[in-house]
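Peer 1: Sharing a structure with you now.
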Amino acid sequence: MGVMDILASLVRIDSVNPEWGGPGEAGVAKWVLGFLESHRIEAREREILPGRRNVYGIVPGKDRSRRILFEAHMDTVSAKGMDIEPFEPVIRDGKLYGRGSVDVKAGLAAMLHALAEVREPTCEVWLAAVVDEEHQYRGVLGLLEDLPGAEAAIVAEPTGNRIVRANKGVLRWSIRTTGKAAHSSTPHLGKNAIMEMARVMSRIGEYAERLGERGHPLVGSPTCCVSLVEGGSQVNIVPEHCRITIDRRMLPGETGDGVFAEFREFLAGLDYEMETPTLCDEALETPEPTRMVRVAQGILGEMGGDPEAVGVPFGCDVTKLSRAGIPGIIFGPGSIEQAHAAVEFVEIAQVEFAAEFYRRMMMGF
């Protein structure tokens, strides 16, 4: 089975994360398990969440004391509002279209194809197809409980087949302002929570601008985005509540506690309440001298790719692996610009290139 046949089979399966109204990863997990078994690859599975299982494929190496991990997630974001049929893969003009085609079933397909071709690799190879990357990263946390350690990891995300050794982290939380309800014809008798929030948001705007003065050589500046606003009850009542949700992207070296404290200090003097963060995922920076980076650069250079390591602004499962002591890189076919898009696609040539890169990494690490 060719790599594009694998990818088309995966795209046909609706694996939208339940958080976004989908059925979850069960269908893809069943397909991956069947693929591994049909190629006589040792296969394991474990339920991480009700009805949602990680699947692992394991190929023994000449040196069983060493291990390399290849990881890709099975879930996708919602298919609502797409301008193409999400689960009917179409090949046109050298591209395959469909939800999840680039994020990240192309990477998973390339890893599966590579694993099926590997014989007697240098070290033990694990392939992990995990759940819940698009929501709360619970699949990779389950993987860390199951994995008996690893020397290095490659996580599939759309990087244009560039080696990524640094990415931003993310901190998400909400802020509330509280007012007092009154008739809108006598607003002086109440306290307008939305107007109070407007003062908070103005200060946040100043904070976001100042973040642009900072920078990192691989991932650029940190960012701060107010992404959700809710408040009030009806048009003729002075609003007594307002709530915003913030997405703050962090640089390598920043911590969630440090960012939270800095933010609170910047809003000093305003009337608001900060809620406990719902997500904190600190950034990754794998040093260039690390063996994983050096081996990947050598193989990519031999294949005619650009061996220079880069950074990306988005987050993924690799940060959790890094914090657990497993140095990792992000590498995969396609562009992040097509991920989550109304017209999602991946270039076939990039998928085929990635499959060969993964195979060589499996054999040569």
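Labels used: A, B, ... for chains in the order of the structure tokens, numbers from 1 for residues in each chain, and numbers from 1 for ligands as shown.
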Give me, as a ChimeraX atom specification, all polymer residues having an atom no more than 8 Å from Leu10 (chain A), counting only C-alpha atoms and skipping those fewer than 3 positions away in the same chain.
Peer 2: /A:6-7,13,28,31,105,109
Peer 1: With a distance cut-off of 9 Å and only C-alpha atoms, select the neighbouring residues of region 145-161 of chain A, excluding the residue or stretch itself and same-chain residues fewer than 2 positions from it, and output the selection as a CSV table (one decimal) with all heavy atoms, in the first residue's frame.
Peer 2:
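After the write, part_2.csv holds the following:
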chain,number,residue,atom,x,y,z
A,46,ARG,N,-4.1,1.3,24.1
A,46,ARG,CA,-4.5,1.6,25.5
A,46,ARG,C,-5.5,2.7,25.5
A,46,ARG,O,-5.4,3.8,24.8
A,46,ARG,CB,-3.3,2.0,26.4
A,46,ARG,CG,-3.8,2.2,27.9
A,46,ARG,CD,-2.6,2.2,28.8
A,46,ARG,NE,-2.0,3.5,28.8
A,46,ARG,CZ,-2.4,4.5,29.7
A,46,ARG,NH1,-3.4,4.4,30.5
A,46,ARG,NH2,-1.7,5.7,29.7
A,66,ARG,N,18.4,1.2,23.2
A,66,ARG,CA,18.1,2.6,22.7
A,66,ARG,C,16.8,2.6,22.0
A,66,ARG,O,16.3,1.6,21.4
A,66,ARG,CB,19.2,3.0,21.7
A,66,ARG,CG,20.6,3.0,22.4
A,66,ARG,CD,21.7,3.4,21.3
A,66,ARG,NE,21.4,4.6,20.6
A,66,ARG,CZ,21.2,4.7,19.3
A,66,ARG,NH1,21.2,3.7,18.6
A,66,ARG,NH2,20.9,5.9,18.8
A,67,ARG,N,16.2,3.7,22.0
A,67,ARG,CA,14.8,3.8,21.4
A,67,ARG,C,14.6,5.2,20.9
A,67,ARG,O,14.9,6.2,21.5
A,67,ARG,CB,13.8,3.5,22.6
A,67,ARG,CG,12.3,3.4,22.1
A,67,ARG,CD,11.5,3.0,23.3
A,67,ARG,NE,11.9,1.7,23.8
A,67,ARG,CZ,12.6,1.5,24.9
A,67,ARG,NH1,12.9,2.5,25.7
A,67,ARG,NH2,12.9,0.2,25.3
A,68,ILE,N,13.9,5.3,19.7
A,68,ILE,CA,13.5,6.5,19.1
A,68,ILE,C,11.9,6.5,18.9
A,68,ILE,O,11.4,5.4,18.5
A,68,ILE,CB,14.2,6.8,17.8
A,68,ILE,CG1,13.8,8.2,17.2
A,68,ILE,CG2,13.9,5.7,16.7
A,68,ILE,CD1,14.6,8.6,16.0
A,69,LEU,N,11.3,7.6,19.2
A,69,LEU,CA,9.8,7.7,19.1
A,69,LEU,C,9.4,8.5,17.9
A,69,LEU,O,10.0,9.6,17.7
A,69,LEU,CB,9.3,8.3,20.4
A,69,LEU,CG,7.8,8.7,20.4
A,69,LEU,CD1,6.9,7.5,20.4
A,69,LEU,CD2,7.5,9.6,21.6
A,70,PHE,N,8.4,8.1,17.2
A,70,PHE,CA,7.7,8.8,16.1
A,70,PHE,C,6.3,9.0,16.6
A,70,PHE,O,5.6,8.0,16.8
A,70,PHE,CB,7.8,8.1,14.8
A,70,PHE,CG,9.2,8.1,14.2
A,70,PHE,CD1,10.2,7.2,14.7
A,70,PHE,CD2,9.6,8.9,13.2
A,70,PHE,CE1,11.5,7.2,14.2
A,70,PHE,CE2,10.9,8.9,12.7
A,70,PHE,CZ,11.8,8.0,13.2
A,71,GLU,N,5.8,10.2,16.6
A,71,GLU,CA,4.5,10.5,17.2
A,71,GLU,C,3.7,11.4,16.3
A,71,GLU,O,4.2,12.3,15.7
A,71,GLU,CB,4.7,11.1,18.6
A,71,GLU,CG,3.4,11.1,19.4
A,71,GLU,CD,2.7,12.5,19.5
A,71,GLU,OE1,2.8,13.3,18.5
A,71,GLU,OE2,2.1,12.8,20.5
A,72,ALA,N,2.4,11.0,16.2
A,72,ALA,CA,1.4,11.8,15.4
A,72,ALA,C,0.1,11.7,16.0
A,72,ALA,O,-0.3,10.6,16.6
A,72,ALA,CB,1.4,11.4,13.9
A,73,HIS,N,-0.7,12.7,16.0
A,73,HIS,CA,-2.1,12.6,16.6
A,73,HIS,C,-3.1,12.2,15.5
A,73,HIS,O,-2.9,12.5,14.3
A,73,HIS,CB,-2.5,13.9,17.3
A,73,HIS,CG,-2.6,15.1,16.3
A,73,HIS,ND1,-3.8,15.5,15.7
A,73,HIS,CD2,-1.7,16.1,16.0
A,73,HIS,CE1,-3.6,16.6,15.0
A,73,HIS,NE2,-2.4,17.0,15.2
A,102,VAL,N,-3.5,17.6,6.0
A,102,VAL,CA,-2.2,18.1,6.4
A,102,VAL,C,-2.0,18.1,7.9
A,102,VAL,O,-0.8,18.0,8.4
A,102,VAL,CB,-2.0,19.6,5.8
A,102,VAL,CG1,-2.8,20.6,6.6
A,102,VAL,CG2,-0.5,20.0,5.8
A,103,ASP,N,-3.0,18.2,8.7
A,103,ASP,CA,-3.0,18.3,10.1
A,103,ASP,C,-3.8,17.1,10.8
A,103,ASP,O,-4.9,17.3,11.1
A,103,ASP,CB,-3.4,19.6,10.6
A,103,ASP,CG,-3.2,19.9,12.1
A,103,ASP,OD1,-2.5,19.1,12.7
A,103,ASP,OD2,-3.8,20.8,12.6
A,104,VAL,N,-3.1,16.0,11.1
A,104,VAL,CA,-1.8,15.7,10.7
A,104,VAL,C,-1.7,14.3,10.1
A,104,VAL,O,-0.8,13.5,10.4
A,104,VAL,CB,-0.8,15.9,11.9
A,104,VAL,CG1,-1.1,14.9,13.0
A,104,VAL,CG2,0.6,15.9,11.5
A,105,LYS,N,-2.7,13.9,9.3
A,105,LYS,CA,-2.8,12.5,8.8
A,105,LYS,C,-1.7,12.3,7.8
A,105,LYS,O,-1.3,11.1,7.6
A,105,LYS,CB,-4.2,12.3,8.3
A,105,LYS,CG,-5.2,12.2,9.4
A,105,LYS,CD,-6.6,11.9,9.0
A,105,LYS,CE,-7.6,11.8,10.2
A,105,LYS,NZ,-9.0,11.6,9.8
A,106,ALA,N,-1.3,13.4,7.1
A,106,ALA,CA,-0.1,13.2,6.2
A,106,ALA,C,1.1,12.7,6.9
A,106,ALA,O,1.8,11.8,6.4
A,106,ALA,CB,0.1,14.5,5.4
A,107,GLY,N,1.4,13.3,8.0
A,107,GLY,CA,2.5,12.9,8.8
A,107,GLY,C,2.3,11.5,9.4
A,107,GLY,O,3.3,10.6,9.4
A,108,LEU,N,1.1,11.1,9.8
A,108,LEU,CA,0.9,9.8,10.3
A,108,LEU,C,1.0,8.8,9.2
A,108,LEU,O,1.6,7.7,9.4
A,108,LEU,CB,-0.5,9.8,11.0
A,108,LEU,CG,-1.0,8.4,11.5
A,108,LEU,CD1,-0.1,7.8,12.5
A,108,LEU,CD2,-2.4,8.5,12.0
A,111,MET,N,4.7,8.2,8.5
A,111,MET,CA,5.3,7.4,9.5
A,111,MET,C,4.9,5.9,9.4
A,111,MET,O,5.8,5.0,9.6
A,111,MET,CB,4.9,7.9,10.9
A,111,MET,CG,5.6,9.3,11.2
A,111,MET,SD,5.2,9.9,12.9
A,111,MET,CE,6.3,11.2,13.0
A,126,TRP,N,9.6,3.2,18.1
A,126,TRP,CA,8.2,3.2,18.5
A,126,TRP,C,7.4,4.2,17.6
A,126,TRP,O,7.9,5.4,17.4
A,126,TRP,CB,8.1,3.7,19.9
A,126,TRP,CG,8.1,2.6,21.0
A,126,TRP,CD1,9.0,1.7,21.1
A,126,TRP,CD2,7.1,2.4,22.0
A,126,TRP,NE1,8.7,0.9,22.2
A,126,TRP,CE2,7.5,1.3,22.7
A,126,TRP,CE3,5.9,3.1,22.4
A,126,TRP,CZ2,6.8,0.8,23.8
A,126,TRP,CZ3,5.2,2.6,23.5
A,126,TRP,CH2,5.7,1.5,24.2
A,140,VAL,N,-0.8,12.4,24.5
A,140,VAL,CA,0.7,12.3,24.7
A,140,VAL,C,1.0,12.1,26.2
A,140,VAL,O,2.0,11.5,26.5
A,140,VAL,CB,1.4,13.6,24.1
A,140,VAL,CG1,1.0,14.8,25.0
A,140,VAL,CG2,2.9,13.4,24.1
A,141,LEU,N,0.2,12.6,27.1
A,141,LEU,CA,0.4,12.4,28.5
A,141,LEU,C,0.2,10.9,28.8
A,141,LEU,O,1.0,10.3,29.6
A,141,LEU,CB,-0.5,13.2,29.3
A,141,LEU,CG,-0.3,14.8,29.2
A,141,LEU,CD1,-1.3,15.5,30.0
A,141,LEU,CD2,1.1,15.2,29.5
A,142,GLY,N,-0.7,10.3,28.2
A,142,GLY,CA,-0.9,8.8,28.3
A,142,GLY,C,0.3,8.1,27.7
A,142,GLY,O,0.8,7.1,28.3
A,143,LEU,N,0.8,8.5,26.6
A,143,LEU,CA,1.9,7.9,26.0
A,143,LEU,C,3.1,7.9,26.9
A,143,LEU,O,3.9,6.9,27.0
A,143,LEU,CB,2.3,8.6,24.7
A,143,LEU,CG,3.7,8.4,24.1
A,143,LEU,CD1,3.8,7.0,23.7
A,143,LEU,CD2,3.9,9.4,22.9
A,163,ILE,N,13.2,21.0,9.6
A,163,ILE,CA,13.5,20.5,11.0
A,163,ILE,C,13.2,21.7,11.9
A,163,ILE,O,13.8,22.8,11.8
A,163,ILE,CB,15.0,20.1,11.1
A,163,ILE,CG1,15.3,18.9,10.2
A,163,ILE,CG2,15.3,19.8,12.6
A,163,ILE,CD1,16.8,18.6,10.1
A,164,VAL,N,12.3,21.5,12.8
A,164,VAL,CA,11.9,22.5,13.8
A,164,VAL,C,12.4,22.0,15.2
A,164,VAL,O,12.0,21.0,15.6
A,164,VAL,CB,10.4,22.7,13.8
A,164,VAL,CG1,10.0,23.6,15.0
A,164,VAL,CG2,9.9,23.3,12.5
A,291,ARG,N,22.1,15.2,19.6
A,291,ARG,CA,22.3,14.1,18.6
A,291,ARG,C,21.1,14.0,17.6
A,291,ARG,O,21.2,13.9,16.4
A,291,ARG,CB,22.5,12.8,19.3
A,291,ARG,CG,22.5,11.6,18.3
A,291,ARG,CD,22.8,10.3,19.0
A,291,ARG,NE,22.4,9.1,18.2
A,291,ARG,CZ,23.1,8.7,17.2
A,291,ARG,NH1,24.3,9.3,16.9
A,291,ARG,NH2,22.7,7.6,16.5
A,292,MET,N,19.8,14.1,18.1
A,292,MET,CA,18.7,14.1,17.3
A,292,MET,C,18.7,15.1,16.2
A,292,MET,O,18.5,14.8,15.0
A,292,MET,CB,17.4,14.3,18.2
A,292,MET,CG,16.2,14.7,17.4
A,292,MET,SD,15.7,13.6,16.1
A,292,MET,CE,14.9,12.3,17.0
A,300,LEU,N,18.6,14.9,6.2
A,300,LEU,CA,17.9,15.8,5.3
A,300,LEU,C,18.8,16.4,4.3
A,300,LEU,O,18.4,16.6,3.1
A,300,LEU,CB,17.2,16.9,6.2
A,300,LEU,CG,16.2,17.8,5.5
A,300,LEU,CD1,15.1,17.0,4.9
A,300,LEU,CD2,15.7,18.9,6.4
A,305,GLY,N,17.3,18.3,1.0
A,305,GLY,CA,16.5,19.3,1.8
A,305,GLY,C,17.3,20.3,2.4
A,305,GLY,O,18.6,20.2,2.4
A,306,ASP,N,16.7,21.3,3.1
A,306,ASP,CA,17.4,22.3,3.8
A,306,ASP,C,17.7,21.9,5.2
A,306,ASP,O,16.7,21.7,6.0
A,306,ASP,CB,16.6,23.6,3.8
A,306,ASP,CG,17.3,24.8,4.3
A,306,ASP,OD1,18.3,24.6,5.0
A,306,ASP,OD2,16.8,26.0,4.1
A,312,VAL,N,8.9,27.5,15.0
A,312,VAL,CA,7.5,27.8,14.5
A,312,VAL,C,6.7,28.4,15.7
A,312,VAL,O,7.1,28.2,16.9
A,312,VAL,CB,6.8,26.5,14.1
A,312,VAL,CG1,7.4,26.0,12.8
A,312,VAL,CG2,6.8,25.4,15.2
A,316,CYS,N,2.5,21.9,20.0
A,316,CYS,CA,2.1,20.6,19.7
A,316,CYS,C,2.6,19.7,20.8
A,316,CYS,O,3.0,20.1,21.8
A,316,CYS,CB,2.6,20.1,18.3
A,316,CYS,SG,4.4,20.0,18.2
A,317,ASP,N,2.5,18.3,20.6
A,317,ASP,CA,2.8,17.4,21.6
A,317,ASP,C,4.3,17.3,22.0
A,317,ASP,O,4.7,16.8,23.0
A,317,ASP,CB,2.4,16.0,21.1
A,317,ASP,CG,0.9,15.7,21.2
A,317,ASP,OD1,0.2,16.5,22.0
A,317,ASP,OD2,0.4,14.7,20.6
A,318,VAL,N,5.2,17.9,21.1
A,318,VAL,CA,6.6,17.7,21.4
A,318,VAL,C,7.0,18.4,22.7
A,318,VAL,O,8.0,17.9,23.4
A,318,VAL,CB,7.4,18.3,20.2
A,318,VAL,CG1,7.3,19.9,20.2
A,318,VAL,CG2,8.9,17.9,20.2
A,321,LEU,N,6.9,15.9,25.6
A,321,LEU,CA,8.0,15.0,25.5
A,321,LEU,C,9.3,15.6,26.0
A,321,LEU,O,10.0,15.0,26.8
A,321,LEU,CB,8.1,14.4,24.1
A,321,LEU,CG,6.9,13.7,23.5
A,321,LEU,CD1,7.1,13.5,22.0
A,321,LEU,CD2,6.6,12.4,24.2
A,322,SER,N,9.5,16.8,25.6
A,322,SER,CA,10.7,17.5,26.0
A,322,SER,C,10.8,17.7,27.5
A,322,SER,O,11.9,17.4,28.1
A,322,SER,CB,10.8,18.9,25.3
A,322,SER,OG,11.9,19.6,25.7
A,325,GLY,N,12.0,14.8,29.4
A,325,GLY,CA,13.4,14.4,29.2
A,325,GLY,C,13.7,13.8,27.9
A,325,GLY,O,14.8,13.2,27.7
A,326,ILE,N,12.8,13.8,26.9
A,326,ILE,CA,13.0,13.2,25.6
A,326,ILE,C,13.2,14.4,24.6
A,326,ILE,O,12.3,15.1,24.2
A,326,ILE,CB,11.8,12.4,25.2
A,326,ILE,CG1,11.5,11.3,26.2
A,326,ILE,CG2,12.0,11.8,23.8
A,326,ILE,CD1,10.2,10.5,26.0
A,327,PRO,N,14.4,14.6,24.2
A,327,PRO,CA,14.7,15.7,23.2
A,327,PRO,C,14.0,15.4,21.9
A,327,PRO,O,14.0,14.3,21.4
A,327,PRO,CB,16.2,15.7,23.1
A,327,PRO,CG,16.6,14.4,23.5
A,327,PRO,CD,15.7,13.9,24.5
A,328,GLY,N,13.3,16.4,21.4
A,328,GLY,CA,12.6,16.2,20.2
A,328,GLY,C,12.7,17.3,19.1
A,328,GLY,O,13.1,18.4,19.4
A,329,ILE,N,12.2,16.9,17.9
A,329,ILE,CA,12.1,17.9,16.8
A,329,ILE,C,10.7,17.7,16.3
A,329,ILE,O,10.0,16.7,16.5
A,329,ILE,CB,13.1,17.7,15.7
A,329,ILE,CG1,13.0,16.3,15.1
A,329,ILE,CG2,14.5,18.0,16.2
A,329,ILE,CD1,13.8,16.2,13.8
A,330,ILE,N,10.2,18.7,15.5
A,330,ILE,CA,9.0,18.7,14.8
A,330,ILE,C,9.3,18.6,13.3
A,330,ILE,O,10.2,19.3,12.9
A,330,ILE,CB,8.1,19.9,15.1
A,330,ILE,CG1,8.0,20.2,16.6
A,330,ILE,CG2,6.7,19.7,14.5
A,330,ILE,CD1,7.4,21.6,16.9
A,331,PHE,N,8.7,17.6,12.6
A,331,PHE,CA,9.0,17.5,11.2
A,331,PHE,C,7.8,16.9,10.5
A,331,PHE,O,7.3,15.8,11.0
A,331,PHE,CB,10.2,16.6,11.0
A,331,PHE,CG,10.7,16.5,9.5
A,331,PHE,CD1,11.7,17.3,9.0
A,331,PHE,CD2,10.1,15.6,8.7
A,331,PHE,CE1,12.1,17.3,7.7
A,331,PHE,CE2,10.5,15.5,7.3
A,331,PHE,CZ,11.5,16.3,6.8
A,332,GLY,N,7.4,17.4,9.4
A,332,GLY,CA,6.3,16.8,8.7
A,332,GLY,C,6.0,17.6,7.4
A,332,GLY,O,6.4,18.7,7.2
A,333,PRO,N,5.2,16.9,6.5
A,333,PRO,CA,4.9,17.5,5.2
A,333,PRO,C,3.7,18.5,5.3
A,333,PRO,O,2.9,18.5,6.2
A,333,PRO,CB,4.4,16.3,4.4
A,333,PRO,CG,3.8,15.4,5.4
A,333,PRO,CD,4.7,15.5,6.6
A,334,GLY,N,3.7,19.5,4.4
A,334,GLY,CA,2.7,20.5,4.3
A,334,GLY,C,2.9,21.7,5.0
A,334,GLY,O,3.9,21.9,5.8
A,335,SER,N,2.0,22.7,4.9
A,335,SER,CA,2.1,24.0,5.5
A,335,SER,C,1.1,24.2,6.6
A,335,SER,O,-0.1,23.8,6.4
A,335,SER,CB,2.0,25.1,4.4
A,335,SER,OG,1.8,26.4,5.0
A,336,ILE,N,1.5,24.9,7.6
A,336,ILE,CA,0.5,25.2,8.7
A,336,ILE,C,-0.6,26.1,8.2
A,336,ILE,O,-1.6,26.2,8.8
A,336,ILE,CB,1.3,25.8,9.9
A,336,ILE,CG1,0.4,25.8,11.2
A,336,ILE,CG2,1.8,27.2,9.6
A,336,ILE,CD1,0.1,24.5,11.7
A,337,GLU,N,-0.3,26.8,7.1
A,337,GLU,CA,-1.3,27.7,6.6
A,337,GLU,C,-2.6,27.0,6.1
A,337,GLU,O,-3.7,27.5,6.0
A,337,GLU,CB,-0.7,28.5,5.4
A,337,GLU,CG,0.3,29.5,5.9
A,337,GLU,CD,0.9,30.3,4.7
A,337,GLU,OE1,0.4,30.1,3.5
A,337,GLU,OE2,1.8,31.1,4.9
A,338,GLN,N,-2.4,25.7,5.7
A,338,GLN,CA,-3.6,24.9,5.3
A,338,GLN,C,-4.2,24.1,6.4
A,338,GLN,O,-5.3,23.6,6.3
A,338,GLN,CB,-3.1,23.9,4.2
A,338,GLN,CG,-3.1,24.4,2.8
A,338,GLN,CD,-2.0,25.3,2.6
A,338,GLN,OE1,-0.8,25.0,2.7
A,338,GLN,NE2,-2.2,26.6,2.2
A,339,ALA,N,-3.6,24.1,7.6
A,339,ALA,CA,-4.2,23.4,8.8
A,339,ALA,C,-5.4,24.2,9.2
A,339,ALA,O,-5.4,25.4,9.3
A,339,ALA,CB,-3.2,23.3,9.9
A,346,VAL,N,-2.7,18.9,1.2
A,346,VAL,CA,-1.2,18.6,1.4
A,346,VAL,C,-0.7,18.2,0.0
A,346,VAL,O,-1.3,17.6,-0.8
A,346,VAL,CB,-1.0,17.5,2.4
A,346,VAL,CG1,-1.5,16.2,2.0
A,346,VAL,CG2,0.5,17.4,2.8
A,350,GLN,N,5.5,16.3,-1.0
A,350,GLN,CA,6.0,16.4,0.4
A,350,GLN,C,5.7,15.2,1.2
A,350,GLN,O,6.5,14.9,2.1
A,350,GLN,CB,5.4,17.7,1.0
A,350,GLN,CG,5.9,19.0,0.4
A,350,GLN,CD,5.8,20.2,1.3
A,350,GLN,OE1,5.7,20.0,2.6
A,350,GLN,NE2,5.8,21.4,0.8
A,351,VAL,N,4.6,14.6,1.1
A,351,VAL,CA,4.2,13.4,1.9
A,351,VAL,C,5.2,12.3,1.5
A,351,VAL,O,5.7,11.6,2.4
A,351,VAL,CB,2.8,13.0,1.6
A,351,VAL,CG1,2.4,11.7,2.4
A,351,VAL,CG2,1.8,14.1,1.9
A,353,PHE,N,8.2,12.6,0.3
A,353,PHE,CA,9.6,13.0,0.8
A,353,PHE,C,9.6,12.7,2.3
A,353,PHE,O,10.6,12.1,2.8
A,353,PHE,CB,9.8,14.5,0.6
A,353,PHE,CG,11.2,14.9,0.9
A,353,PHE,CD1,12.2,15.0,0.0
A,353,PHE,CD2,11.5,15.3,2.2
A,353,PHE,CE1,13.5,15.5,0.3
A,353,PHE,CE2,12.7,15.8,2.6
A,353,PHE,CZ,13.7,15.9,1.6
A,354,ALA,N,8.6,13.1,3.1
A,354,ALA,CA,8.6,12.8,4.5
A,354,ALA,C,8.7,11.4,4.9
A,354,ALA,O,9.4,11.0,5.8
A,354,ALA,CB,7.3,13.5,5.1
A,357,PHE,N,12.2,10.4,4.6
A,357,PHE,CA,13.0,10.9,5.7
A,357,PHE,C,12.8,10.1,7.0
A,357,PHE,O,13.7,9.8,7.7
A,357,PHE,CB,12.6,12.4,5.9
A,357,PHE,CG,13.2,13.0,7.1
A,357,PHE,CD1,14.5,13.5,7.1
A,357,PHE,CD2,12.5,13.1,8.3
A,357,PHE,CE1,15.1,14.1,8.2
A,357,PHE,CE2,13.1,13.7,9.4
A,357,PHE,CZ,14.4,14.1,9.4
A,358,TYR,N,11.5,9.8,7.3
A,358,TYR,CA,11.2,9.1,8.5
A,358,TYR,C,11.9,7.7,8.4
A,358,TYR,O,12.4,7.2,9.4
A,358,TYR,CB,9.7,8.9,8.6
A,358,TYR,CG,8.9,10.1,8.9
A,358,TYR,CD1,7.6,10.3,8.4
A,358,TYR,CD2,9.4,11.2,9.7
A,358,TYR,CE1,6.9,11.5,8.7
A,358,TYR,CE2,8.7,12.3,10.0
A,358,TYR,CZ,7.4,12.4,9.5
A,358,TYR,OH,6.7,13.6,9.7
Peer 1: Could you pull out the strand (DSSP E or B) residues of region 217-255 of chain A, going by DSSP on the backbone, and write them as a list of chain:residue names?
Peer 2: A:Thr223, A:Cys224, A:Cys225, A:Val226, A:Ser227, A:Leu228, A:Val229, A:Glu230, A:Gly231, A:Ile237, A:His241, A:Cys242, A:Arg243, A:Ile244, A:Thr245, A:Ile246, A:Asp247, A:Arg248, A:Arg249, A:Met250
Peer 1: Please produce a file of the residues just selected, as an mmCIF file, in the first residue's frame, where the atoms kept are N, CA, C and O atoms.
Peer 2:
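Below is the file that was written, again.cif:
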data_model
loop_
_atom_site.group_PDB
_atom_site.id
_atom_site.type_symbol
_atom_site.label_atom_id
_atom_site.label_comp_id
_atom_site.auth_asym_id
_atom_site.auth_seq_id
_atom_site.Cartn_x
_atom_site.Cartn_y
_atom_site.Cartn_z
ATOM 1 N N THR A 223 3.185 36.712 21.816
ATOM 2 C CA THR A 223 1.951 37.394 21.419
ATOM 3 C C THR A 223 0.897 37.245 22.501
ATOM 4 O O THR A 223 0.965 36.346 23.348
ATOM 5 N N CYS A 224 -0.096 38.142 22.454
ATOM 6 C CA CYS A 224 -1.226 38.096 23.380
ATOM 7 C C CYS A 224 -2.483 38.447 22.591
ATOM 8 O O CYS A 224 -2.549 39.507 21.967
ATOM 9 N N CYS A 225 -3.467 37.564 22.612
ATOM 10 C CA CYS A 225 -4.688 37.756 21.827
ATOM 11 C C CYS A 225 -5.925 37.561 22.711
ATOM 12 O O CYS A 225 -6.055 36.527 23.376
ATOM 13 N N VAL A 226 -6.803 38.555 22.736
ATOM 14 C CA VAL A 226 -8.124 38.379 23.357
ATOM 15 C C VAL A 226 -8.997 37.705 22.309
ATOM 16 O O VAL A 226 -9.351 38.307 21.291
ATOM 17 N N SER A 227 -9.361 36.450 22.552
ATOM 18 C CA SER A 227 -10.001 35.656 21.505
ATOM 19 C C SER A 227 -11.484 35.380 21.742
ATOM 20 O O SER A 227 -12.184 34.957 20.820
ATOM 21 N N LEU A 228 -11.977 35.601 22.956
ATOM 22 C CA LEU A 228 -13.399 35.416 23.252
ATOM 23 C C LEU A 228 -13.879 36.545 24.153
ATOM 24 O O LEU A 228 -13.165 36.954 25.075
ATOM 25 N N VAL A 229 -15.079 37.050 23.876
ATOM 26 C CA VAL A 229 -15.712 38.068 24.719
ATOM 27 C C VAL A 229 -17.169 37.679 24.922
ATOM 28 O O VAL A 229 -17.871 37.328 23.969
ATOM 29 N N GLU A 230 -17.631 37.738 26.170
ATOM 30 C CA GLU A 230 -19.040 37.485 26.459
ATOM 31 C C GLU A 230 -19.466 38.381 27.616
ATOM 32 O O GLU A 230 -18.699 38.646 28.533
ATOM 33 N N GLY A 231 -20.701 38.878 27.560
ATOM 34 C CA GLY A 231 -21.155 39.747 28.642
ATOM 35 C C GLY A 231 -22.558 40.275 28.423
ATOM 36 O O GLY A 231 -23.088 40.249 27.314
ATOM 37 N N ILE A 237 -30.584 46.416 29.703
ATOM 38 C CA ILE A 237 -30.108 46.237 31.075
ATOM 39 C C ILE A 237 -28.621 46.574 31.128
ATOM 40 O O ILE A 237 -27.835 46.097 30.304
ATOM 41 N N HIS A 241 -22.056 41.650 34.178
ATOM 42 C CA HIS A 241 -20.907 40.753 34.053
ATOM 43 C C HIS A 241 -20.313 40.838 32.656
ATOM 44 O O HIS A 241 -21.012 41.127 31.675
ATOM 45 N N CYS A 242 -19.015 40.577 32.577
ATOM 46 C CA CYS A 242 -18.310 40.468 31.305
ATOM 47 C C CYS A 242 -17.110 39.553 31.515
ATOM 48 O O CYS A 242 -16.507 39.545 32.589
ATOM 49 N N ARG A 243 -16.794 38.786 30.477
ATOM 50 C CA ARG A 243 -15.701 37.808 30.587
ATOM 51 C C ARG A 243 -14.959 37.737 29.256
ATOM 52 O O ARG A 243 -15.585 37.669 28.197
ATOM 53 N N ILE A 244 -13.656 37.763 29.309
ATOM 54 C CA ILE A 244 -12.844 37.586 28.121
ATOM 55 C C ILE A 244 -11.897 36.412 28.335
ATOM 56 O O ILE A 244 -11.564 36.065 29.470
ATOM 57 N N THR A 245 -11.475 35.805 27.228
ATOM 58 C CA THR A 245 -10.507 34.714 27.289
ATOM 59 C C THR A 245 -9.282 35.111 26.476
ATOM 60 O O THR A 245 -9.400 35.678 25.389
ATOM 61 N N ILE A 246 -8.119 34.814 27.030
ATOM 62 C CA ILE A 246 -6.844 35.281 26.496
ATOM 63 C C ILE A 246 -5.979 34.101 26.074
ATOM 64 O O ILE A 246 -5.912 33.074 26.765
ATOM 65 N N ASP A 247 -5.325 34.263 24.925
ATOM 66 C CA ASP A 247 -4.350 33.298 24.425
ATOM 67 C C ASP A 247 -2.999 34.008 24.373
ATOM 68 O O ASP A 247 -2.802 34.928 23.583
ATOM 69 N N ARG A 248 -2.082 33.596 25.242
ATOM 70 C CA ARG A 248 -0.748 34.218 25.341
ATOM 71 C C ARG A 248 0.301 33.205 24.897
ATOM 72 O O ARG A 248 0.448 32.142 25.508
ATOM 73 N N ARG A 249 0.990 33.487 23.788
ATOM 74 C CA ARG A 249 2.029 32.596 23.290
ATOM 75 C C ARG A 249 3.369 32.952 23.922
ATOM 76 O O ARG A 249 3.769 34.118 23.939
ATOM 77 N N MET A 250 4.044 31.936 24.441
ATOM 78 C CA MET A 250 5.253 32.141 25.246
ATOM 79 C C MET A 250 6.511 31.727 24.493
ATOM 80 O O MET A 250 6.498 30.793 23.689
#
